[in-house]
$ cat structure-v3.txt   # compact mmCIF, C-alpha atoms
# COMPACT_ATOMS: atom_id res chain seq x y z
CA MET R 161 -45.50 42.64 8.36
CA LYS R 162 -43.47 41.47 11.32
CA LYS R 163 -45.04 38.02 11.51
CA TYR R 164 -43.93 37.37 15.10
CA LEU R 165 -46.32 40.10 16.29
CA LYS R 166 -49.25 37.77 15.54
CA ASN R 167 -48.53 35.77 18.67
CA SER R 168 -46.64 38.37 20.70
CA VAL R 169 -47.58 39.66 24.14
CA ILE R 170 -46.83 43.28 25.06
CA TYR R 171 -46.55 44.22 28.74
CA GLN R 172 -47.01 47.95 29.46
CA VAL R 173 -44.98 49.49 32.29
CA PHE R 174 -45.41 52.94 33.83
CA PRO R 175 -42.02 53.13 35.63
CA ARG R 176 -43.12 55.69 38.24
CA ASN R 177 -45.75 53.35 39.67
CA PHE R 178 -44.17 49.99 38.89
CA SER R 179 -41.87 50.03 41.91
CA ILE R 180 -41.47 51.93 45.17
CA ASN R 181 -38.53 53.94 43.81
CA GLY R 182 -40.24 54.39 40.45
CA ASP R 183 -37.10 54.19 38.32
CA PHE R 184 -35.45 52.12 35.59
CA LYS R 185 -33.83 49.88 38.20
CA GLY R 186 -37.29 48.97 39.44
CA VAL R 187 -38.12 47.76 35.93
CA ILE R 188 -34.83 45.86 35.62
CA ASP R 189 -35.59 44.07 38.89
CA LYS R 190 -38.87 42.82 37.42
CA ILE R 191 -37.71 41.70 33.96
CA ASN R 192 -37.61 38.07 35.08
CA TYR R 193 -41.14 38.48 36.47
CA ILE R 194 -42.41 39.82 33.14
CA LYS R 195 -40.56 37.10 31.25
CA ASP R 196 -41.95 34.38 33.54
CA LEU R 197 -45.45 35.74 32.99
CA GLY R 198 -44.84 35.11 29.29
CA ALA R 199 -44.65 38.56 27.71
CA ASN R 200 -42.00 39.02 25.04
CA ILE R 201 -42.23 42.80 24.55
CA ILE R 202 -42.05 45.52 27.23
CA GLN R 203 -43.68 48.85 26.40
CA LEU R 204 -42.77 51.86 28.54
CA THR R 205 -44.95 54.91 28.93
CA PRO R 206 -42.95 58.04 27.91
CA VAL R 207 -39.56 58.24 29.61
CA CYS R 208 -38.66 61.84 28.74
CA GLU R 209 -38.45 64.81 31.11
CA ILE R 210 -41.90 66.04 32.15
CA GLY R 211 -42.88 69.71 31.94
CA GLU R 212 -43.58 71.73 35.07
CA LYS R 213 -45.95 74.40 33.80
CA ASN R 214 -49.62 73.58 34.46
CA ARG R 215 -48.64 70.13 35.74
CA LYS R 216 -51.49 67.76 36.38
CA GLY R 217 -51.32 66.28 39.87
CA THR R 218 -48.12 66.59 41.87
CA LEU R 219 -45.74 64.78 39.50
CA GLY R 220 -47.20 65.57 36.09
CA SER R 221 -48.25 63.50 33.11
CA PRO R 222 -45.56 61.55 31.22
CA TYR R 223 -47.44 62.64 28.09
CA SER R 224 -46.50 66.29 28.77
CA ILE R 225 -42.92 66.17 27.49
CA LYS R 226 -40.39 68.96 27.94
CA ASP R 227 -37.52 67.53 25.88
CA TYR R 228 -37.81 64.63 23.44
CA ASN R 229 -34.13 63.73 23.80
CA SER R 230 -34.00 63.74 27.61
CA VAL R 231 -34.59 61.10 30.27
CA ASN R 232 -36.93 61.83 33.17
CA HIS R 233 -34.60 62.31 36.14
CA GLU R 234 -37.08 60.37 38.32
CA TYR R 235 -36.15 57.27 36.33
CA GLY R 236 -32.40 57.79 35.99
CA ASN R 237 -30.23 58.95 33.11
CA LYS R 238 -29.40 57.78 29.59
CA GLU R 239 -26.85 55.27 30.85
CA ASP R 240 -29.52 53.82 33.13
CA PHE R 241 -31.87 53.60 30.15
CA LYS R 242 -29.20 51.85 28.07
CA LYS R 243 -28.68 49.37 30.88
CA LEU R 244 -32.42 48.69 31.02
CA ALA R 245 -32.52 48.09 27.25
CA GLN R 246 -29.49 45.80 27.48
CA GLU R 247 -31.07 43.74 30.27
CA ILE R 248 -34.33 43.45 28.34
CA HIS R 249 -32.46 42.24 25.26
CA LYS R 250 -30.27 39.90 27.31
CA ASN R 251 -33.49 38.19 28.41
CA GLY R 252 -34.72 37.80 24.84
CA LEU R 253 -37.38 40.52 25.06
CA LYS R 254 -37.96 43.65 22.98
CA LEU R 255 -38.47 47.24 24.14
CA ILE R 256 -41.09 49.69 22.83
CA LEU R 257 -41.20 53.37 23.83
CA ASP R 258 -44.31 55.51 23.95
CA ILE R 259 -43.74 58.59 21.75
CA VAL R 260 -45.77 61.83 21.97
CA TYR R 261 -45.45 63.83 18.77
CA ASN R 262 -48.82 65.59 18.74
CA HIS R 263 -47.88 68.05 21.49
CA THR R 264 -45.26 69.07 24.06
CA SER R 265 -45.41 70.48 27.58
CA ARG R 266 -46.15 74.18 27.94
CA ASP R 267 -42.57 74.87 29.00
CA SER R 268 -40.75 72.88 26.33
CA PHE R 269 -37.54 74.58 25.24
CA LEU R 270 -38.81 74.26 21.65
CA LEU R 271 -41.35 76.99 22.37
CA LYS R 272 -38.48 79.48 22.58
CA THR R 273 -36.13 78.04 19.98
CA HIS R 274 -38.77 77.09 17.39
CA PRO R 275 -42.09 78.86 18.10
CA ASN R 276 -43.09 78.32 14.47
CA TRP R 277 -43.25 74.58 15.16
CA TYR R 278 -46.38 75.12 17.25
CA TYR R 279 -50.05 75.59 16.52
CA HIS R 280 -51.33 79.14 17.11
CA ASP R 281 -55.03 79.93 17.54
CA ASP R 282 -56.88 82.75 15.82
CA ASP R 283 -55.54 85.21 18.39
CA GLY R 284 -51.96 84.18 17.69
CA ASN R 285 -51.51 82.31 20.98
CA PHE R 286 -50.01 78.87 21.53
CA ASN R 287 -52.91 76.48 22.05
CA ASN R 288 -54.44 73.05 21.47
CA LYS R 289 -56.35 72.23 18.33
CA LEU R 290 -58.62 69.73 20.09
CA GLY R 291 -59.27 68.52 23.61
CA ASP R 292 -58.94 70.01 27.06
CA TRP R 293 -55.26 69.28 27.60
CA SER R 294 -54.26 72.15 29.89
CA ASP R 295 -50.64 71.03 30.33
CA VAL R 296 -49.64 70.85 26.65
CA TYR R 297 -49.48 72.84 23.41
CA ASP R 298 -49.95 71.20 20.01
CA LEU R 299 -47.29 71.01 17.35
CA ASN R 300 -47.90 72.35 13.84
CA TYR R 301 -46.49 70.29 10.96
CA ASN R 302 -47.62 72.58 8.14
CA ASN R 303 -44.55 73.57 6.08
CA ASN R 304 -42.28 72.44 8.92
CA ASP R 305 -39.89 69.99 7.34
CA ASP R 306 -37.26 70.93 9.90
CA LEU R 307 -39.60 69.79 12.70
CA ILE R 308 -40.04 66.43 10.96
CA GLU R 309 -36.28 66.05 10.55
CA TYR R 310 -35.78 66.89 14.24
CA LEU R 311 -38.28 64.28 15.37
CA ILE R 312 -36.87 61.57 13.11
CA ASP R 313 -33.41 62.28 14.53
CA SER R 314 -34.91 61.89 18.01
CA LEU R 315 -36.37 58.48 17.09
CA GLN R 316 -32.97 57.40 15.77
CA ASN R 317 -31.41 58.54 19.04
CA TRP R 318 -33.73 56.23 21.01
CA ILE R 319 -33.05 53.35 18.62
CA ASP R 320 -29.32 53.88 19.17
CA LEU R 321 -29.96 53.74 22.92
CA GLY R 322 -31.75 50.40 22.59
CA ALA R 323 -35.41 50.93 21.62
CA ASP R 324 -36.87 48.27 19.30
CA GLY R 325 -39.99 50.20 18.40
CA PHE R 326 -42.45 52.94 19.18
CA ARG R 327 -46.08 53.46 20.12
CA PHE R 328 -47.26 56.83 18.76
CA ASP R 329 -49.71 58.61 21.04
CA VAL R 330 -52.85 59.93 19.23
CA ALA R 331 -51.21 59.02 15.93
CA SER R 332 -54.35 59.88 13.94
CA LEU R 333 -53.89 63.58 14.72
CA ILE R 334 -50.25 63.75 13.57
CA SER R 335 -49.25 64.85 10.09
CA LYS R 336 -49.05 62.13 7.46
CA ASN R 337 -45.90 63.82 6.18
CA LEU R 338 -44.07 62.75 9.34
CA PHE R 339 -45.00 59.10 8.83
CA ILE R 340 -44.11 59.23 5.14
CA GLN R 341 -40.65 60.49 6.07
CA ILE R 342 -40.26 57.95 8.88
CA LYS R 343 -41.12 55.17 6.43
CA SER R 344 -38.77 56.40 3.70
CA LYS R 345 -35.86 57.29 5.99
CA LEU R 346 -35.92 55.78 9.48
CA LEU R 347 -37.58 52.46 8.60
CA LEU R 348 -35.46 52.08 5.50
CA ASN R 349 -32.37 51.97 7.71
CA ASN R 350 -34.08 50.25 10.67
CA PRO R 351 -36.60 47.88 9.03
CA GLU R 352 -37.21 45.80 12.18
CA THR R 353 -38.50 48.79 14.14
CA ILE R 354 -41.97 48.04 15.56
CA MET R 355 -44.54 50.73 14.78
CA ILE R 356 -47.77 50.95 16.79
CA ALA R 357 -50.33 53.71 16.23
CA GLU R 358 -52.90 54.83 18.75
CA SER R 359 -55.58 55.29 16.13
CA VAL R 360 -58.52 57.23 17.51
CA HIS R 361 -62.30 56.71 17.41
CA TYR R 362 -64.04 57.64 14.15
CA ASP R 363 -66.14 60.29 15.93
CA PHE R 364 -62.95 62.03 16.99
CA ILE R 365 -61.65 61.94 13.40
CA ASN R 366 -64.92 63.37 12.06
CA TYR R 367 -64.90 66.06 14.76
CA ALA R 368 -61.34 67.09 13.90
CA ARG R 369 -62.14 67.27 10.19
CA MET R 370 -65.27 69.30 10.90
CA LEU R 371 -62.99 71.90 12.50
CA ASN R 372 -60.65 71.73 9.47
CA PHE R 373 -57.86 69.94 11.34
CA ASN R 374 -55.77 67.02 10.18
CA ALA R 375 -57.05 63.54 11.09
CA LEU R 376 -55.74 60.36 9.51
CA SER R 377 -57.81 57.31 8.66
CA ASP R 378 -56.69 53.86 9.76
CA SER R 379 -55.77 52.98 6.18
CA GLU R 380 -53.50 56.03 5.92
CA LEU R 381 -51.67 54.91 9.04
CA TYR R 382 -51.31 51.36 7.75
CA GLU R 383 -50.04 52.57 4.40
CA ASN R 384 -47.32 54.66 6.01
CA GLY R 385 -45.33 52.25 8.10
CA PHE R 386 -47.48 51.08 11.01
CA ASP R 387 -47.63 47.41 11.95
CA VAL R 388 -50.39 47.62 14.58
CA LEU R 389 -53.36 49.90 15.25
CA TYR R 390 -55.72 50.30 18.19
CA THR R 391 -59.35 49.13 18.27
CA TYR R 392 -61.13 52.22 19.58
CA ASN R 393 -63.80 52.06 16.84
CA SER R 394 -65.18 48.80 18.22
CA ARG R 395 -64.13 49.51 21.78
CA GLY R 396 -66.57 52.43 22.12
CA TYR R 397 -69.56 50.15 21.59
CA PHE R 398 -68.10 47.56 23.97
CA ASP R 399 -67.90 50.20 26.70
CA GLN R 400 -71.46 51.28 26.00
CA TYR R 401 -72.74 47.73 26.30
CA PHE R 402 -71.34 47.39 29.80
CA LYS R 403 -72.70 50.79 30.80
CA THR R 404 -76.20 50.20 29.41
CA LYS R 405 -76.50 46.38 29.04
CA LYS R 406 -78.39 47.13 25.80
CA LEU R 407 -78.22 44.51 23.06
CA VAL R 408 -78.00 47.19 20.35
CA ASN R 409 -74.58 48.27 21.65
CA PHE R 410 -73.33 44.69 21.77
CA ASN R 411 -74.51 44.08 18.20
CA CYS R 412 -72.75 47.26 17.10
CA TYR R 413 -69.59 46.00 18.81
CA LYS R 414 -69.73 42.76 16.82
CA THR R 415 -70.33 44.68 13.59
CA MET R 416 -67.36 46.96 14.26
CA LEU R 417 -65.12 43.97 14.96
CA LYS R 418 -66.04 42.70 11.50
CA TYR R 419 -65.42 46.11 9.99
CA GLU R 420 -62.00 46.50 11.59
CA GLU R 421 -60.98 43.05 10.37
CA ALA R 422 -62.25 43.67 6.85
CA THR R 423 -60.61 47.08 6.49
CA ASN R 424 -57.26 45.82 7.73
CA PRO R 425 -54.78 45.08 5.00
CA SER R 426 -54.07 41.38 5.42
CA THR R 427 -50.51 42.20 6.47
CA CYS R 428 -51.53 44.44 9.39
CA LEU R 429 -52.84 43.85 12.88
CA ARG R 430 -54.91 45.34 15.71
CA ILE R 431 -53.71 45.38 19.30
CA ARG R 432 -55.75 43.18 21.65
CA GLY R 433 -56.32 44.15 25.26
CA TYR R 434 -59.07 46.02 27.05
CA GLU R 435 -56.97 47.76 29.68
CA ASN R 436 -54.39 50.49 29.06
CA HIS R 437 -53.18 53.62 30.84
CA ASP R 438 -56.24 55.58 29.62
CA SER R 439 -58.92 53.03 30.46
CA ALA R 440 -60.81 51.58 33.38
CA ARG R 441 -59.88 48.13 34.65
CA ILE R 442 -62.05 45.21 33.60
CA ILE R 443 -62.81 44.61 37.28
CA GLU R 444 -64.23 48.15 37.41
CA LEU R 445 -66.17 47.54 34.22
CA THR R 446 -67.88 44.28 35.19
CA LYS R 447 -67.60 43.58 38.95
CA ASP R 448 -68.08 39.94 37.87
CA LEU R 449 -65.30 37.33 37.73
CA ASN R 450 -66.76 35.31 34.86
CA LEU R 451 -67.30 38.41 32.71
CA MET R 452 -63.76 39.53 33.52
CA LYS R 453 -62.48 36.20 32.24
CA THR R 454 -64.74 36.39 29.19
CA ILE R 455 -63.32 39.79 28.22
CA ALA R 456 -59.72 38.67 28.75
CA ILE R 457 -60.16 35.42 26.79
CA HIS R 458 -61.92 37.01 23.83
CA ASP R 459 -59.10 39.58 23.62
CA VAL R 460 -56.59 36.73 23.39
CA MET R 461 -58.65 34.93 20.75
CA LEU R 462 -58.74 37.84 18.29
CA LYS R 463 -55.95 38.15 15.73
CA GLY R 464 -53.18 40.52 16.78
CA PRO R 465 -50.67 40.95 19.61
CA SER R 466 -52.03 40.78 23.15
CA PHE R 467 -51.59 43.80 25.39
CA ILE R 468 -51.29 43.63 29.17
CA CYS R 469 -51.42 46.84 31.19
CA MET R 470 -49.34 46.30 34.33
CA GLY R 471 -51.57 45.03 37.10
CA LEU R 472 -53.99 43.03 34.96
CA GLU R 473 -52.27 39.87 36.19
CA THR R 474 -52.58 40.95 39.84
CA LYS R 475 -56.24 41.93 39.47
CA GLN R 476 -55.49 45.64 39.94
CA ASN R 477 -58.82 47.07 41.09
CA HIS R 478 -58.52 50.67 39.92
CA HIS R 479 -57.09 52.76 37.13
CA ILE R 480 -53.58 53.87 38.12
CA THR R 481 -53.29 57.65 37.88
CA LEU R 482 -50.80 59.17 35.48
CA PHE R 483 -50.23 62.26 37.60
CA ASP R 484 -49.18 61.06 41.07
CA LYS R 485 -47.52 58.20 42.90
CA ASP R 486 -49.98 55.31 42.78
CA LEU R 487 -48.08 52.07 43.22
CA MET R 488 -49.23 48.98 41.34
CA ASN R 489 -50.83 46.25 43.42
CA TRP R 490 -48.24 43.49 43.92
CA GLU R 491 -50.44 41.10 45.93
CA ILE R 492 -50.77 38.00 43.78
CA ASP R 493 -54.11 36.23 43.52
CA LYS R 494 -52.57 32.94 42.38
CA GLU R 495 -55.68 31.62 40.64
CA TRP R 496 -56.10 34.83 38.62
CA TYR R 497 -52.35 35.14 37.94
CA ASP R 498 -52.24 31.56 36.65
CA PHE R 499 -55.30 32.28 34.50
CA ILE R 500 -53.61 35.26 32.83
CA LYS R 501 -50.44 33.24 32.40
CA LYS R 502 -52.46 30.51 30.69
CA LEU R 503 -54.00 33.04 28.31
CA ILE R 504 -50.53 34.29 27.41
CA GLN R 505 -49.50 30.72 26.60
CA ILE R 506 -52.55 30.39 24.34
CA LYS R 507 -51.65 33.61 22.50
CA LYS R 508 -48.03 32.48 22.07
CA ASP R 509 -49.08 29.20 20.43
CA PRO R 510 -46.92 28.99 17.26
CA LYS R 511 -50.08 28.14 15.32
CA ASN R 512 -51.20 31.75 15.76
CA LEU R 513 -48.35 32.78 13.46
CA GLU R 514 -50.41 31.23 10.64
CA ILE R 515 -53.75 32.84 11.47
CA THR R 516 -55.35 34.47 8.43
CA THR R 517 -58.48 36.02 9.91
CA SER R 518 -60.68 36.28 12.98
CA ASN R 519 -64.20 35.91 11.62
CA ILE R 520 -67.10 37.17 13.76
CA ILE R 521 -70.06 34.80 13.40
CA ASP R 522 -73.54 36.33 13.39
CA THR R 523 -75.52 35.78 16.59
CA ASN R 524 -78.69 37.60 17.63
CA ASP R 525 -78.09 37.82 21.36
CA LYS R 526 -75.41 38.71 23.92
CA THR R 527 -73.10 35.97 22.72
CA LEU R 528 -70.04 36.15 20.54
CA ILE R 529 -68.54 33.47 18.32
CA ILE R 530 -65.08 34.05 16.89
CA LYS R 531 -63.85 31.62 14.24
CA ASN R 532 -60.10 31.83 13.64
CA TYR R 533 -58.92 30.46 10.30
CA PHE R 534 -55.37 29.27 9.65
CA LYS R 535 -53.28 28.78 6.52
CA ASP R 536 -53.62 24.99 6.76
CA LYS R 537 -57.43 25.45 6.46
CA THR R 538 -58.06 24.40 10.07
CA PHE R 539 -60.00 26.57 12.48
CA GLU R 540 -60.57 27.26 16.17
CA LEU R 541 -63.78 28.48 17.79
CA GLY R 542 -64.04 31.06 20.54
CA ILE R 543 -67.48 30.96 22.18
CA PHE R 544 -68.38 33.73 24.61
CA ASN R 545 -71.43 34.36 26.78
CA PHE R 546 -71.83 37.98 27.94
CA TYR R 547 -74.85 37.19 30.09
CA ILE R 548 -74.45 36.33 33.77
CA LYS R 549 -76.25 32.99 33.45
CA GLU R 550 -75.86 29.80 31.46
CA ILE R 551 -77.50 29.83 28.05
CA GLU R 552 -77.74 27.52 25.07
CA ILE R 553 -76.26 28.69 21.78
CA HIS R 554 -77.55 27.39 18.43
CA ASN R 555 -75.50 28.23 15.36
CA LYS R 556 -74.59 26.39 12.16
CA GLU R 557 -70.95 27.33 12.71
CA LEU R 558 -70.97 25.15 15.84
CA ILE R 559 -69.99 22.05 13.88
CA ASP R 560 -70.82 18.78 15.60
CA GLY R 561 -67.93 16.86 17.09
CA LYS R 562 -65.52 16.67 20.00
CA TYR R 563 -63.17 19.54 20.79
CA ILE R 564 -60.39 20.34 23.24
CA ASN R 565 -60.98 23.47 25.29
CA LYS R 566 -57.59 25.19 25.21
CA ILE R 567 -58.31 27.05 28.44
CA ASP R 568 -58.43 23.98 30.69
CA ASP R 569 -57.80 21.04 28.28
CA SER R 570 -61.26 19.59 28.91
CA VAL R 571 -63.17 17.75 26.17
CA ILE R 572 -66.28 19.56 24.88
CA GLU R 573 -68.81 17.94 22.57
CA ILE R 574 -71.07 19.90 20.23
CA LYS R 575 -74.31 18.18 19.21
CA ASN R 576 -76.98 19.40 16.79
CA ASN R 577 -75.06 22.66 16.29
CA SER R 578 -75.83 23.56 19.92
CA LEU R 579 -73.91 24.10 23.12
CA LYS R 580 -74.81 25.15 26.64
CA ILE R 581 -72.30 27.71 27.87
CA PHE R 582 -71.58 29.81 30.92
CA LYS R 583 -67.79 30.07 30.94
CA PRO R 584 -65.93 31.12 27.78
CA LEU R 585 -64.37 28.47 25.53
CA ILE R 586 -61.58 28.29 22.95
CA LEU R 587 -62.09 25.06 21.04
CA LYS R 588 -59.90 23.12 18.63
CA LYS R 589 -60.87 19.85 16.98
CA PHE R 590 -60.23 16.77 19.12
$ encode --input "structure-v3.txt" --output "structure tokens"
Amino acid sequence: MKKYLKNSVIYQVFPRNFSINGDFKGVIDKINYIKDLGANIIQLTPVCEIGEKNRKGTLGSPYSIKDYNSVNHEYGNKEDFKKLAQEIHKNGLKLILDIVYNHTSRDSFLLKTHPNWYYHDDDGNFNNKLGDWSDVYDLNYNNNDDLIEYLIDSLQNWIDLGADGFRFDVASLISKNLFIQIKSKLLLNNPETIMIAESVHYDFINYARMLNFNALSDSELYENGFDVLYTYNSRGYFDQYFKTKKLVNFNCYKTMLKYEEATNPSTCLRIRGYENHDSARIIELTKDLNLMKTIAIHDVMLKGPSFICMGLETKQNHHITLFDKDLMNWEIDKEWYDFIKKLIQIKKDPKNLEITTSNIIDTNDKTLIIKNYFKDKTFELGIFNFYIKEIEIHNKELIDGKYINKIDDSVIEIKNNSLKIFKPLILKKF
């Protein structure tokens, strides 16, 4: 495990909508901004040339890739990319690229040069195995060792250009053989390469297997080179709670947090952050400032690197489209910006490098207690109220004594294993 990921903060950038010009220079101009915010890793959505056939929107999805070894001309060229990587490294940050190896655009040159690398339906046509993705065709890894070799060479190309790691889109649907080869070849020669898998929801895995398609479990991904996985298993119940306000969904969320922690090998991590390029904003989810803060703080509390989708820190009020020009909001709400910056400082606490587990404490209502344990046998408590009113929490894990609230440095006292709470707390012993 790359231990530094335990207290790392990843900042996701979609170059097209990060600046007016929507290019690599626009990212370079904001490196100091990202660094000042506190992030230490920049993750770019795919930077390759986008297909034109069946484009979604006017500019197309960056996840519909025409050529894995190209640079989207909107952003610049390979020299511009190298300069971006150099500037990121000069500032002490790392660079992760989003990689899409489940499918290509419907006008990829590989369709002509290597049609056997693609999935064909029962009628012999290029198609998708799953999902309504009208701008892409799926790859077929069965007996295609040359495809795997081609893709590994492409990864090495991006490493040579300055990439420090990769986030694999819908990794659960990609052949395990690819990841076995990446681990035995690419990672053997580039052991510091960061590997993040977008692991999908268990219902999606079961659906794929029902149709006799490949779908990898989380453990298979962990065993084959990945450092960090997504949290979509628990996330589904979290979404449902906010849609329905039903306690059953919130209890399921807590149970799935426990499950994800227990099924993680101790050397592996989950990525922590509600917002990403596929999701709604927390402001859209809650419409309530305190609940927004509660979500953001509990993400930071859980073990694993924090993830910030560009615009979280400026209170972006809508999901930025992938398919058109939709510039990020750059109007700073100083109070909210400072709040996010404070959370990043909490995540980057060196003590988090020694965290062993995030234990979810049983509660029977819309509250959440997270107890983080550390190698020195100390602990910190995260106490979260998902109601919209103050309540009193009683729990034996609320050990009597005085604590420092890491969010605002106030002193909090727990008496008789009880605490009245409205705003979220992260407590360490006084």
$ residues_around --input "structure-v3.txt" --residues "Leu381 (chain R)" --least-positions-apart "4" --cutoff "12 Å" --atoms "all atoms listed in the file" --output "JSON list (two decimals) with C-alpha atoms, in the coordinates of the input"
[["chain", "number", "residue", "atom", "x", "y", "z"],
["R", 328, "PHE", "CA", -47.26, 56.83, 18.76],
["R", 330, "VAL", "CA", -52.85, 59.93, 19.23],
["R", 331, "ALA", "CA", -51.21, 59.02, 15.93],
["R", 332, "SER", "CA", -54.35, 59.88, 13.94],
["R", 333, "LEU", "CA", -53.89, 63.58, 14.72],
["R", 334, "ILE", "CA", -50.25, 63.75, 13.57],
["R", 335, "SER", "CA", -49.25, 64.85, 10.09],
["R", 336, "LYS", "CA", -49.05, 62.13, 7.46],
["R", 337, "ASN", "CA", -45.90, 63.82, 6.18],
["R", 338, "LEU", "CA", -44.07, 62.75, 9.34],
["R", 339, "PHE", "CA", -45.00, 59.10, 8.83],
["R", 340, "ILE", "CA", -44.11, 59.23, 5.14],
["R", 342, "ILE", "CA", -40.26, 57.95, 8.88],
["R", 343, "LYS", "CA", -41.12, 55.17, 6.43],
["R", 355, "MET", "CA", -44.54, 50.73, 14.78],
["R", 356, "ILE", "CA", -47.77, 50.95, 16.79],
["R", 357, "ALA", "CA", -50.33, 53.71, 16.23],
["R", 358, "GLU", "CA", -52.90, 54.83, 18.75],
["R", 359, "SER", "CA", -55.58, 55.29, 16.13],
["R", 360, "VAL", "CA", -58.52, 57.23, 17.51],
["R", 375, "ALA", "CA", -57.05, 63.54, 11.09],
["R", 376, "LEU", "CA", -55.74, 60.36, 9.51],
["R", 377, "SER", "CA", -57.81, 57.31, 8.66],
["R", 385, "GLY", "CA", -45.33, 52.25, 8.10],
["R", 386, "PHE", "CA", -47.48, 51.08, 11.01],
["R", 387, "ASP", "CA", -47.63, 47.41, 11.95],
["R", 388, "VAL", "CA", -50.39, 47.62, 14.58],
["R", 389, "LEU", "CA", -53.36, 49.90, 15.25],
["R", 390, "TYR", "CA", -55.72, 50.30, 18.19],
["R", 424, "ASN", "CA", -57.26, 45.82, 7.73],
["R", 425, "PRO", "CA", -54.78, 45.08, 5.00],
["R", 428, "CYS", "CA", -51.53, 44.44, 9.39],
["R", 429, "LEU", "CA", -52.84, 43.85, 12.88]]
$ closest_residue --input "structure-v3.txt" --among "R:Lys403, R:Lys580, R:Lys226, R:Lys501" --to "Lys195 (chain R)" --atoms "only C-alpha atoms"
R:Lys501
$ closest_residue --input "structure-v3.txt" --among "R:Ile170, R:Leu528, R:Leu165, R:Ile312" --to "Leu407 (chain R)" --atoms "all atoms listed in the file"
R:Leu528
$ residues_around --input "structure-v3.txt" --residues "region 206-215 of chain R" --least-positions-apart "3" --cutoff "7 Å" --atoms "only C-alpha atoms" --output "list in words"
Gly220, Ser221, Pro222, Tyr223, Ser224, Ile225, Lys226, Asp227, Tyr228, Asn229, Ser230, Val231, Asn232, His233, Leu257, Asp258, Ile259, Ser265, Arg266, Asp267, Ser268, Ser294 and Asp295 of chain R
$ closest_residue --input "structure-v3.txt" --among "R:Lys414, R:Ile567, R:Asn524, R:Val173" --to "Asp498 (chain R)" --atoms "only C-alpha atoms"
R:Ile567
$ atom_distance --input "structure-v3.txt" --atom1 "CA of Tyr434 (chain R)" --atom2 "CA of Ile202 (chain R)"
17.0 Å
$ residues_around --input "structure-v3.txt" --residues "region 564-566 of chain R" --least-positions-apart "5" --cutoff "9 Å" --atoms "all atoms listed in the file" --output "tab-separated table (two decimals) with C-alpha atoms, in the frame of the given file"
chain	number	residue	atom	x	y	z
R	506	ILE	CA	-52.55	30.39	24.34
R	571	VAL	CA	-63.17	17.75	26.17
R	572	ILE	CA	-66.28	19.56	24.88
R	573	GLU	CA	-68.81	17.94	22.57
R	585	LEU	CA	-64.37	28.47	25.53
R	586	ILE	CA	-61.58	28.29	22.95
R	587	LEU	CA	-62.09	25.06	21.04
R	588	LYS	CA	-59.90	23.12	18.63
R	589	LYS	CA	-60.87	19.85	16.98
R	590	PHE	CA	-60.23	16.77	19.12
$ atom_distance --input "structure-v3.txt" --atom1 "CA of Thr218 (chain R)" --atom2 "CA of Gln203 (chain R)"
24.0 Å
$ atom_distance --input "structure-v3.txt" --atom1 "CA of Lys531 (chain R)" --atom2 "CA of Leu197 (chain R)"
26.6 Å
$ closest_residue --input "structure-v3.txt" --among "R:Lys556, R:Lys463, R:Lys508, R:Lys502" --to "Asp568 (chain R)" --atoms "all atoms listed in the file"
R:Lys502
$ axis_aligned_box --input "structure-v3.txt" --around "region 316-333 of chain R" --padding-each-side "4 Å" --output "AutoDock Vina command-line options"
--center_x -41.8 --center_y 55.9 --center_z 18.4 --size_x 33.0 --size_y 23.3 --size_z 17.0
$ closest_residue --input "structure-v3.txt" --among "R:Glu435, R:Asp292, R:Asp305, R:Asp493" --to "Ser466 (chain R)" --atoms "all atoms listed in the file"
R:Glu435
$ residues_around --input "structure-v3.txt" --residues "Leu451 (chain R)" --least-positions-apart "5" --cutoff "8 Å" --atoms "all atoms listed in the file" --output "ChimeraX atom specification"
/R:446,546,548
$ closest_residue --input "structure-v3.txt" --among "R:Gly464, R:Gly542, R:Gly471, R:Gly325" --to "Thr516 (chain R)" --atoms "only C-alpha atoms"
R:Gly464
$ residues_near_point --input "structure-v3.txt" --point "(-60.9, 34.9, 14.3)" --cutoff "9 Å" --atoms "only C-alpha atoms" --output "ChimeraX atom specification"
/R:461-463,515-520,529-533,539-542
$ residues_around --input "structure-v3.txt" --residues "Leu558 (chain R)" --least-positions-apart "4" --cutoff "7 Å" --atoms "all atoms listed in the file" --output "mmCIF file with C-alpha atoms, in the frame of the given file"
data_model
loop_
_atom_site.group_PDB
_atom_site.id
_atom_site.type_symbol
_atom_site.label_atom_id
_atom_site.label_comp_id
_atom_site.auth_asym_id
_atom_site.auth_seq_id
_atom_site.Cartn_x
_atom_site.Cartn_y
_atom_site.Cartn_z
ATOM 1 C CA ILE R 574 -71.070 19.900 20.230
ATOM 2 C CA ASN R 577 -75.060 22.660 16.290
ATOM 3 C CA SER R 578 -75.830 23.560 19.920
#
